[in-house]
Amino acid sequence: MSGQQPLLVVVDDEQGILDVVGRFARRAGFDVVTCAGGRDAIAQLQVRRADLVMVDLRMPDVGGLDVLRAIREIDPQCQAVLMTGYSSVETAVEAIKLGAMDYLSKPLDFARVQQLLATVRDDIERRRSVFSLETDVARRLEFCGMIGRGPVMQELFGMIRRLAPHVRTALITGETGTGKELVSRALHSTGPRRDRRFVAVNCSAVVEALFESELFGHVRGAFTGATENKPGLFEVADQGMLFLDEIGELPMTVQAKLLRVLELGEVHRVGSLEARKVNVHVVAATNRDLRAEVAAGRFRSDLYYRLNIVEVKLPPLRERREDIPYLTAAFVRETADRLKKPLIGLTPGAERILASAPWDGNVRELRNVLERACILADGEFVTERELAVSMPGVPLAVAAPSSGNGSPGGPLRATSDSDLLVTVEREHIQRALVRANGNKKAAARMLGLSRRALYRRLERLDLGETISRRRDNSPDGLGA
Ligand SMILES: Nc1ncnc2c1ncn2[C@@H]1O[C@H](COP(=O)(O)OP(=O)(O)OP(=O)(O)O)[C@@H](O)[C@H]1O
Ligand SMILES: [Mg+2]
């Protein structure tokens, strides 16, 4: 594995070339691995991630063009340069088509070699420093755990700061994963009640029959099962803030009662006539269009107008793409720290993918994608490869069998890092098998594993069965 220094793999059957290129490269700040043939080089590249490969065209075992093909398969992010004493336009074109960044003819022009090494090294350094800059900027522009560099979010942070001292009720709207809960917490933690309770209730998670009792409490004997007096969340949150998440899910009957509490500042426990004074600030959130819900008769207009006196609208991530690099930097840093991985950023190709993805699941989706990609990545940079596996846009073949983790086609869910790791690994391997059309040897090569190592993993991940049944082309047969 490359440490802080970029890694160069030089491949040539001529010892003299290995020596001289190696010397230049070390001087230019590279770690160097030398290989006397193509076969050895491919084996090396399967176990360590190189930043640059310089490879001779003609070698007795496996030739330079085959090595280029292998690099494309193993690590498309790795840069490659072909060296040859038999230059022809055809091989040059072929090499470039296979993704080589350059083509050197022998005898080598050392000035060009030096220049090339410097270019590759500078490129790597640039990516590292851009990334650490973005992480710093992200930190500095953070507001109550929210990252937002662009004008939209900066404006929103300013608005929250101005509102927080005064709001008693607020409505936060925005698509799923845009940060509504973070905003509500920010209103609490920058407001006058920051030392009082913040009580969150997710309206979609409460059983309809229990809503009233949950919010307003009940007295003993109010209904079957009410064996004790119980305060509701309004009483629990007295003097503090109550966060009603997914308010659009609140049943009409409860909506009427909620409105009363907001207007009169008192609650009745279910089964009691006694009014109890409560002083609660209420922040509600929804990803529904409440105005449309009102029009459709599913949400009370009086409650809606009462709540939206202050409305904070969170824009979807696709409308503030300028924040993506900063969110990315922060999430990668966070995951890398947690997993103790040496990750320092993304390759330019991977950045491009993130910059243009639709992000229907907004910041939450970005965060999940990066978390999965970071788990898969084994160098310093998250590459397109890991993203391809981690982005839900690319349908994954399968449900995770037996362990009960994950659901078919659904978002990856795991209860712990190690669960997530297993799920991700399983999906990664299954995907390779599908791509390799069930051919274990090819799948192992794609995964950079020996065949034996692949078998061991298949055993461990309960995928043994999968393979023997994997003969047709449809991914559906997998793991079911
Ligand atoms: N601006 C941001 N900076 C950093 N992290 C963010 C930001 N916005 C959202 N997140 C993260 O994205 C995830 C989703 O945020 P949150 O739960 O606040 O979204 P939400 O709008 O309440 O979503 P839902 O409607 O699905 O409940 C969380 O992990 C949160 O930390
Ligand atoms: Mg939420």
# chains A, B, ... in the order shown; residues from 1 in each chain; ligands from 1
>>> select_by_dssp(residues="stretch 49-161 of chain A", states="strand (DSSP E or B)", output="ChimeraX atom specification")
/A:52-56,79-84,102-105,143,146
>>> write_last_selection(atoms="C-alpha atoms", output="mmCIF file, in the first residue's frame")
data_model
loop_
_atom_site.group_PDB
_atom_site.id
_atom_site.type_symbol
_atom_site.label_atom_id
_atom_site.label_comp_id
_atom_site.auth_asym_id
_atom_site.auth_seq_id
_atom_site.Cartn_x
_atom_site.Cartn_y
_atom_site.Cartn_z
ATOM 1 C CA LEU A 52 1.737 5.415 -11.934
ATOM 2 C CA VAL A 53 2.930 2.453 -13.993
ATOM 3 C CA MET A 54 5.708 2.782 -16.561
ATOM 4 C CA VAL A 55 5.756 -0.294 -18.704
ATOM 5 C CA ASP A 56 7.862 -1.612 -21.560
ATOM 6 C CA GLN A 79 -1.855 6.419 -14.633
ATOM 7 C CA ALA A 80 0.188 4.501 -17.171
ATOM 8 C CA VAL A 81 3.005 5.259 -19.560
ATOM 9 C CA LEU A 82 4.225 2.925 -22.268
ATOM 10 C CA MET A 83 7.944 2.755 -23.067
ATOM 11 C CA THR A 84 9.294 1.180 -26.203
ATOM 12 C CA ASP A 102 1.865 9.144 -22.454
ATOM 13 C CA TYR A 103 4.236 7.226 -24.642
ATOM 14 C CA LEU A 104 8.025 7.295 -24.380
ATOM 15 C CA SER A 105 10.398 5.956 -26.979
ATOM 16 C CA PHE A 143 -23.135 25.952 11.709
ATOM 17 C CA MET A 146 -24.502 21.828 9.228
#
>>> closest_atom_pairs(of="stretch 269-363 of chain A", to="stretch 209-222 of chain A", cutoff="10 Å", atoms="only C-alpha atoms", output="JSON lines")
{"residue": "A:Arg269", "atom": "CA", "partner": "A:His218", "partner_atom": "CA", "distance": 4.4}
{"residue": "A:Val270", "atom": "CA", "partner": "A:His218", "partner_atom": "CA", "distance": 4.2}
{"residue": "A:Gly271", "atom": "CA", "partner": "A:Ala222", "partner_atom": "CA", "distance": 4.6}
{"residue": "A:Ser272", "atom": "CA", "partner": "A:Val219", "partner_atom": "CA", "distance": 6.4}
{"residue": "A:Arg276", "atom": "CA", "partner": "A:Phe216", "partner_atom": "CA", "distance": 9.8}
>>> write_last_selection(atoms="C-alpha atoms", output="compact mmCIF listing (two decimals), in the first residue's frame")
# COMPACT_ATOMS: atom_id res chain seq x y z
CA ARG A 269 -54.48 14.37 29.47
CA VAL A 270 -56.69 11.75 27.85
CA GLY A 271 -59.48 10.88 30.27
CA SER A 272 -59.08 14.06 32.30
CA ARG A 276 -52.54 21.78 32.50
>>> residues_near_ligand(ligand="ligand 2", cutoff="9 Å", atoms="only C-alpha atoms and all ligand atoms", output="list in words")
Thr176, Gly177, Thr178, Gly179, Lys180, Glu181, Leu182, Asn202, Asp245, Glu246, Ala285, Thr286 and Asn287 of chain A
>>> write_last_selection(atoms="C-alpha atoms", output="PDB file, in the first residue's frame")
ATOM      1  CA  THR A 176     -36.084  13.920   2.591  1.00  0.00           C
ATOM      2  CA  GLY A 177     -32.485  14.114   3.761  1.00  0.00           C
ATOM      3  CA  THR A 178     -32.099  17.875   3.309  1.00  0.00           C
ATOM      4  CA  GLY A 179     -31.339  18.480   6.979  1.00  0.00           C
ATOM      5  CA  LYS A 180     -34.684  19.409   8.535  1.00  0.00           C
ATOM      6  CA  GLU A 181     -33.859  17.762  11.807  1.00  0.00           C
ATOM      7  CA  LEU A 182     -30.498  19.520  11.940  1.00  0.00           C
ATOM      8  CA  ASN A 202     -41.653  11.223  14.748  1.00  0.00           C
ATOM      9  CA  ASP A 245     -41.159  15.375  12.740  1.00  0.00           C
ATOM     10  CA  GLU A 246     -43.258  14.342   9.734  1.00  0.00           C
ATOM     11  CA  ALA A 285     -41.054  19.355   9.910  1.00  0.00           C
ATOM     12  CA  THR A 286     -42.386  17.725   6.797  1.00  0.00           C
ATOM     13  CA  ASN A 287     -41.253  16.576   3.403  1.00  0.00           C
TER      14      ASN A 287
END
>>> closest_residue(among="A:Ala70, A:Leu454, A:Cys203, A:Ala275", to="ligand 1", atoms="only C-alpha atoms and all ligand atoms")
A:Cys203
>>> residues_around(residues="stretch 37-40 of chain A", least_positions_apart="5", cutoff="9 Å", atoms="only C-alpha atoms", output="PyMOL selection string")
chain A and resi 11-13+45+55-56+59-64+66-67
>>> residues_around(residues="A:Val312", least_positions_apart="5", cutoff="10 Å", atoms="only C-alpha atoms", output="PDB file with C-alpha atoms, in the first residue's frame")
ATOM      1  CA  LEU A 156     -30.284  30.055   5.707  1.00  0.00           C
ATOM      2  CA  MET A 159     -31.888  33.349   9.021  1.00  0.00           C
ATOM      3  CA  ILE A 160     -31.745  30.663  11.707  1.00  0.00           C
ATOM      4  CA  LEU A 163     -34.993  33.665  14.128  1.00  0.00           C
ATOM      5  CA  ALA A 170     -41.842  27.072  13.112  1.00  0.00           C
ATOM      6  CA  LEU A 171     -42.340  24.856  10.134  1.00  0.00           C
ATOM      7  CA  ILE A 172     -39.367  23.332   8.377  1.00  0.00           C
ATOM      8  CA  THR A 173     -39.961  21.990   4.906  1.00  0.00           C
ATOM      9  CA  GLY A 174     -37.779  20.219   2.407  1.00  0.00           C
ATOM     10  CA  LYS A 180     -34.684  19.409   8.535  1.00  0.00           C
ATOM     11  CA  VAL A 183     -32.220  22.858  11.398  1.00  0.00           C
ATOM     12  CA  SER A 184     -34.683  22.195  14.190  1.00  0.00           C
ATOM     13  CA  ALA A 285     -41.054  19.355   9.910  1.00  0.00           C
TER      14      ALA A 285
END
>>> closest_atom_pairs(of="stretch 129-248 of chain A", to="stretch 278-284 of chain A", cutoff="6 Å", atoms="only C-alpha atoms", output="Markdown table")
| residue | atom | partner | partner_atom | distance |
| --- | --- | --- | --- | --- |
| A:Arg168 | CA | A:His281 | CA | 4.7 |
| A:Thr169 | CA | A:Val282 | CA | 4.7 |
| A:Ala170 | CA | A:Val283 | CA | 4.8 |
| A:Leu171 | CA | A:Ala284 | CA | 4.9 |
| A:Asp238 | CA | A:Val280 | CA | 5.2 |
| A:Gln239 | CA | A:Asn279 | CA | 5.2 |
| A:Gly240 | CA | A:Val280 | CA | 5.6 |
| A:Met241 | CA | A:His281 | CA | 4.6 |
| A:Leu242 | CA | A:Val282 | CA | 4.9 |
| A:Phe243 | CA | A:Val283 | CA | 4.9 |
| A:Leu244 | CA | A:Ala284 | CA | 4.5 |
| A:Asp245 | CA | A:Ala284 | CA | 5.7 |
>>> residues_around(residues="A:Ala443", least_positions_apart="6", cutoff="8 Å", atoms="only C-alpha atoms", output="list in words")
Ile429, Ala432, Leu433, Arg435 and Ala436 of chain A
>>> atom_distance(atom1="atom CA of A:Ala186", atom2="atom CA of A:Arg291")
24.9 Å
>>> closest_residue(among="A:Glu380, A:Asp360, A:Asp462, A:Glu293", to="A:Lys340", atoms="only C-alpha atoms")
A:Glu380
>>> atom_distance(atom1="atom CA of A:Thr328", atom2="atom CA of A:Val389")
17.0 Å
>>> residues_around(residues="A:Arg321", least_positions_apart="4", cutoff="9 Å", atoms="only C-alpha atoms", output="MDAnalysis selection string")
chainID A and resid 150 317 325 355:356
>>> write_last_selection(atoms="N, CA and C atoms", output="short mmCIF file (atom, residue, chain, number, x, y, z; two decimals), in the first residue's frame")
data_model
loop_
_atom_site.label_atom_id
_atom_site.label_comp_id
_atom_site.auth_asym_id
_atom_site.auth_seq_id
_atom_site.Cartn_x
_atom_site.Cartn_y
_atom_site.Cartn_z
N GLY A 150 -22.34 27.45 0.02
CA GLY A 150 -22.95 28.29 -1.00
C GLY A 150 -23.84 29.37 -0.39
N LEU A 317 -30.47 19.20 -2.50
CA LEU A 317 -29.03 19.26 -2.75
C LEU A 317 -28.72 19.60 -4.22
N PRO A 325 -18.70 19.51 -2.71
CA PRO A 325 -17.31 19.22 -2.35
C PRO A 325 -17.04 19.35 -0.85
N ALA A 355 -20.56 15.36 -8.38
CA ALA A 355 -21.03 16.70 -8.73
C ALA A 355 -22.28 16.65 -9.59
N SER A 356 -22.45 15.58 -10.36
CA SER A 356 -23.57 15.61 -11.30
C SER A 356 -24.67 14.60 -10.98
#
>>> decode(residues="stretch 149-162 of chain A", atoms="N, CA, C and O atoms", output="PDB file, in the first residue's frame")
ATOM      1  N   ARG A 149     -21.644  25.919   2.128  1.00  0.00           N
ATOM      2  CA  ARG A 149     -20.718  26.957   1.734  1.00  0.00           C
ATOM      3  C   ARG A 149     -21.405  27.956   0.827  1.00  0.00           C
ATOM      4  O   ARG A 149     -21.105  29.141   0.822  1.00  0.00           O
ATOM      5  N   GLY A 150     -22.336  27.455   0.019  1.00  0.00           N
ATOM      6  CA  GLY A 150     -22.954  28.295  -1.003  1.00  0.00           C
ATOM      7  C   GLY A 150     -23.843  29.365  -0.390  1.00  0.00           C
ATOM      8  O   GLY A 150     -24.158  29.336   0.798  1.00  0.00           O
ATOM      9  N   PRO A 151     -24.238  30.326  -1.211  1.00  0.00           N
ATOM     10  CA  PRO A 151     -25.048  31.451  -0.738  1.00  0.00           C
ATOM     11  C   PRO A 151     -26.378  31.001  -0.131  1.00  0.00           C
ATOM     12  O   PRO A 151     -26.831  31.579   0.851  1.00  0.00           O
ATOM     13  N   VAL A 152     -26.972  29.949  -0.687  1.00  0.00           N
ATOM     14  CA  VAL A 152     -28.282  29.520  -0.191  1.00  0.00           C
ATOM     15  C   VAL A 152     -28.192  29.108   1.270  1.00  0.00           C
ATOM     16  O   VAL A 152     -28.989  29.532   2.114  1.00  0.00           O
ATOM     17  N   MET A 153     -27.205  28.273   1.565  1.00  0.00           N
ATOM     18  CA  MET A 153     -27.103  27.778   2.938  1.00  0.00           C
ATOM     19  C   MET A 153     -26.588  28.862   3.880  1.00  0.00           C
ATOM     20  O   MET A 153     -27.011  28.940   5.034  1.00  0.00           O
ATOM     21  N   GLN A 154     -25.678  29.697   3.397  1.00  0.00           N
ATOM     22  CA  GLN A 154     -25.193  30.767   4.256  1.00  0.00           C
ATOM     23  C   GLN A 154     -26.350  31.697   4.655  1.00  0.00           C
ATOM     24  O   GLN A 154     -26.469  32.107   5.800  1.00  0.00           O
ATOM     25  N   GLU A 155     -27.197  31.977   3.681  1.00  0.00           N
ATOM     26  CA  GLU A 155     -28.382  32.798   3.930  1.00  0.00           C
ATOM     27  C   GLU A 155     -29.277  32.118   4.966  1.00  0.00           C
ATOM     28  O   GLU A 155     -29.769  32.734   5.908  1.00  0.00           O
ATOM     29  N   LEU A 156     -29.433  30.804   4.800  1.00  0.00           N
ATOM     30  CA  LEU A 156     -30.284  30.055   5.707  1.00  0.00           C
ATOM     31  C   LEU A 156     -29.715  30.055   7.142  1.00  0.00           C
ATOM     32  O   LEU A 156     -30.449  30.209   8.109  1.00  0.00           O
ATOM     33  N   PHE A 157     -28.396  29.901   7.230  1.00  0.00           N
ATOM     34  CA  PHE A 157     -27.788  29.929   8.570  1.00  0.00           C
ATOM     35  C   PHE A 157     -28.044  31.294   9.229  1.00  0.00           C
ATOM     36  O   PHE A 157     -28.363  31.379  10.407  1.00  0.00           O
ATOM     37  N   GLY A 158     -27.893  32.340   8.434  1.00  0.00           N
ATOM     38  CA  GLY A 158     -28.144  33.687   8.955  1.00  0.00           C
ATOM     39  C   GLY A 158     -29.580  33.819   9.433  1.00  0.00           C
ATOM     40  O   GLY A 158     -29.851  34.384  10.505  1.00  0.00           O
ATOM     41  N   MET A 159     -30.481  33.261   8.667  1.00  0.00           N
ATOM     42  CA  MET A 159     -31.888  33.349   9.021  1.00  0.00           C
ATOM     43  C   MET A 159     -32.155  32.601  10.335  1.00  0.00           C
ATOM     44  O   MET A 159     -32.872  33.100  11.203  1.00  0.00           O
ATOM     45  N   ILE A 160     -31.542  31.426  10.469  1.00  0.00           N
ATOM     46  CA  ILE A 160     -31.745  30.663  11.707  1.00  0.00           C
ATOM     47  C   ILE A 160     -31.222  31.457  12.905  1.00  0.00           C
ATOM     48  O   ILE A 160     -31.879  31.560  13.938  1.00  0.00           O
ATOM     49  N   ARG A 161     -30.048  32.061  12.727  1.00  0.00           N
ATOM     50  CA  ARG A 161     -29.487  32.875  13.814  1.00  0.00           C
ATOM     51  C   ARG A 161     -30.430  34.007  14.212  1.00  0.00           C
ATOM     52  O   ARG A 161     -30.611  34.291  15.390  1.00  0.00           O
ATOM     53  N   ARG A 162     -31.022  34.635  13.198  1.00  0.00           N
ATOM     54  CA  ARG A 162     -31.906  35.767  13.497  1.00  0.00           C
ATOM     55  C   ARG A 162     -33.222  35.307  14.103  1.00  0.00           C
ATOM     56  O   ARG A 162     -33.789  35.978  14.959  1.00  0.00           O
TER      57      ARG A 162
END
